[in-house]
Amino acid sequence: MLTRYSAWAHARLFKALESLPEEALARDGGGAGSILKTLNHMHIVDRIWQANLEGREHGYTARNTPTLPAFAELTVEQRSIDTWYVDYAAGLSGEKLGEVVPFTFVGGEEARMARVDMLLHIVNHKTYHRGYIAEMLYRDKVKPPTMDLTVFLRDVEPDAADA
């Protein structure tokens with residue numbers, strides 16, 4: 001459910017951002033940088049954790065890229081990885097969710113986590129950064145879309161409460 005929620009929230013955010021001019025997306029918002037840089041960071045981290053879950057090298061030495069993609073390209077790429085996470089989580093058994101997987105952080109430190117904890121981290125990470133983008137939008141007098149889990153459960157998965 002959390003990966004479906006994350007994909008839904010991303011879709012709402014990207015839809016709201018597509019009406020903004022590219023220069024607004026690239027404007028430095030302080031802290032983590034621009035909206036585009038924050039979106040790219042979220043995407044790169046998604047790809048890193050995808051590789052960790054698949055047990056392969058991710059090839060990244062940083063949690064962002066020196067050159068940022070265009071918003072349209074990033075939109076397609078994020079939709080693709082969101083779909084991958086939804087499908088991946090749906091295909092995991094309870095036993096597989098609890099499986100502990102070794103991986104290497106971007107900084108080179110070795111670690112181990114259960115798949116379920118990795119997935120929870122990924123969802124939380126994106127929620128945190130969507131909040132940061134919402135703050136940047138508010139500063140620019142743009143109302144961000146509602147991306148709350150409760151709204152997702154009410155509007156998209158109302159039967160979840162009966163499960």
# chains A, B, ... in the order shown; residues from 1 in each chain; ligands from 1
>>> residues_around(residues="Asn64 (chain A)", least_positions_apart="5", cutoff="10 Å", atoms="only C-alpha atoms", output="list in words")
Lys37, Thr38, Leu39, Asn40, His41, Met42, His43, Ile44 and Val45 of chain A
>>> select_by_dssp(residues="chain A", states="strand (DSSP E)", output="MDAnalysis selection string")
chainID A and resid 100:104 110:114
>>> residues_around(residues="His10 (chain A)", least_positions_apart="6", cutoff="9 Å", atoms="only C-alpha atoms", output="PyMOL selection string")
chain A and resi 78-79+82+126+130+147
>>> write_last_selection(atoms="C-alpha atoms", output="short mmCIF file (atom, residue, chain, number, x, y, z; two decimals), in the first residue's frame")
data_model
loop_
_atom_site.label_atom_id
_atom_site.label_comp_id
_atom_site.auth_asym_id
_atom_site.auth_seq_id
_atom_site.Cartn_x
_atom_site.Cartn_y
_atom_site.Cartn_z
CA GLN A 78 10.05 8.76 -12.01
CA ARG A 79 6.80 7.24 -13.25
CA ASP A 82 7.39 4.24 -9.15
CA LYS A 126 10.22 10.60 -0.74
CA ARG A 130 7.85 16.09 -1.25
CA MET A 147 -0.45 14.43 -0.98
#
>>> atom_distance(atom1="CA of Asp140 (chain A)", atom2="CA of Gly33 (chain A)")
14.3 Å
>>> residues_around(residues="region 24-26 of chain A", least_positions_apart="3", cutoff="9 Å", atoms="only C-alpha atoms", output="list in words")
Leu17, Leu20, Pro21, Gly29, Gly33, Ser34, Ile35, Leu36, Lys37, Phe71 and Asp140 of chain A
>>> write_last_selection(atoms="N, CA and C atoms", output="PDB file, in the first residue's frame")
ATOM      1  N   LEU A  17       3.432  20.346 -10.940  1.00  0.00           N
ATOM      2  CA  LEU A  17       4.656  21.047 -11.328  1.00  0.00           C
ATOM      3  C   LEU A  17       4.759  21.281 -12.826  1.00  0.00           C
ATOM      4  N   LEU A  20       4.425  24.807 -14.188  1.00  0.00           N
ATOM      5  CA  LEU A  20       5.412  25.829 -13.827  1.00  0.00           C
ATOM      6  C   LEU A  20       6.476  25.953 -14.917  1.00  0.00           C
ATOM      7  N   PRO A  21       6.991  27.159 -15.135  1.00  0.00           N
ATOM      8  CA  PRO A  21       8.082  27.307 -16.101  1.00  0.00           C
ATOM      9  C   PRO A  21       9.354  26.617 -15.581  1.00  0.00           C
ATOM     10  N   GLY A  29      16.107  26.928  -4.102  1.00  0.00           N
ATOM     11  CA  GLY A  29      15.182  27.112  -2.984  1.00  0.00           C
ATOM     12  C   GLY A  29      15.874  27.050  -1.641  1.00  0.00           C
ATOM     13  N   GLY A  33      18.516  22.730  -2.539  1.00  0.00           N
ATOM     14  CA  GLY A  33      18.612  23.276  -3.880  1.00  0.00           C
ATOM     15  C   GLY A  33      17.254  23.546  -4.491  1.00  0.00           C
ATOM     16  N   SER A  34      17.168  23.364  -5.784  1.00  0.00           N
ATOM     17  CA  SER A  34      15.944  23.660  -6.522  1.00  0.00           C
ATOM     18  C   SER A  34      14.940  22.517  -6.440  1.00  0.00           C
ATOM     19  N   ILE A  35      13.743  22.792  -6.926  1.00  0.00           N
ATOM     20  CA  ILE A  35      12.731  21.735  -7.024  1.00  0.00           C
ATOM     21  C   ILE A  35      13.251  20.616  -7.923  1.00  0.00           C
ATOM     22  N   LEU A  36      13.811  20.981  -9.070  1.00  0.00           N
ATOM     23  CA  LEU A  36      14.314  19.971 -10.002  1.00  0.00           C
ATOM     24  C   LEU A  36      15.444  19.156  -9.383  1.00  0.00           C
ATOM     25  N   LYS A  37      16.332  19.806  -8.670  1.00  0.00           N
ATOM     26  CA  LYS A  37      17.432  19.082  -8.023  1.00  0.00           C
ATOM     27  C   LYS A  37      16.893  18.125  -6.960  1.00  0.00           C
ATOM     28  N   PHE A  71      12.786  18.442 -16.839  1.00  0.00           N
ATOM     29  CA  PHE A  71      11.633  18.020 -16.048  1.00  0.00           C
ATOM     30  C   PHE A  71      10.822  16.938 -16.767  1.00  0.00           C
ATOM     31  N   ASP A 140       6.821  30.392  -3.170  1.00  0.00           N
ATOM     32  CA  ASP A 140       6.590  31.014  -4.480  1.00  0.00           C
ATOM     33  C   ASP A 140       5.115  31.326  -4.713  1.00  0.00           C
TER      34      ASP A 140
END
>>> closest_residue(among="A:Thr150, A:Thr61, A:Thr127, A:Asn52", to="Val101 (chain A)", atoms="only C-alpha atoms")
A:Asn52
>>> atom_distance(atom1="CA of Asp155 (chain A)", atom2="CA of Lys15 (chain A)")
17.2 Å
>>> closest_residue(among="A:Thr104, A:Val86, A:Gly98, A:Arg56", to="Val123 (chain A)", atoms="only C-alpha atoms")
A:Val86
>>> closest_residue(among="A:Glu135, A:Asp148, A:Asp117, A:Glu18", to="Trp49 (chain A)", atoms="only C-alpha atoms")
A:Asp117
>>> closest_residue(among="A:Leu68, A:Leu92, A:Leu74, A:Met118", to="Ala11 (chain A)", atoms="only C-alpha atoms")
A:Leu74
>>> select_by_dssp(residues="chain A", states="helix (DSSP H, G or I)", output="JSON, numbers by chain")
{"A": [2, 3, 4, 5, 6, 7, 8, 9, 10, 11, 12, 13, 14, 15, 16, 17, 22, 23, 24, 25, 26, 35, 36, 37, 38, 39, 40, 41, 42, 43, 44, 45, 46, 47, 48, 49, 50, 51, 52, 53, 54, 71, 72, 73, 74, 75, 76, 77, 78, 79, 80, 81, 82, 83, 84, 85, 86, 87, 88, 89, 90, 94, 95, 96, 97, 98, 115, 116, 117, 118, 119, 120, 121, 122, 123, 124, 125, 126, 127, 128, 129, 130, 131, 132, 133, 134, 135, 136, 137, 138, 139, 149, 150, 151, 152, 153, 154, 155, 158, 159, 160, 161, 162]}
>>> atom_distance(atom1="CA of Tyr5 (chain A)", atom2="CA of Ser93 (chain A)")
19.3 Å
>>> closest_residue(among="A:Leu13, A:Leu97, A:Ala134, A:Ala51", to="Leu120 (chain A)", atoms="only C-alpha atoms")
A:Leu97
>>> closest_residue(among="A:Arg12, A:Ala7, A:Glu57, A:Thr146", to="Pro102 (chain A)", atoms="only C-alpha atoms")
A:Glu57
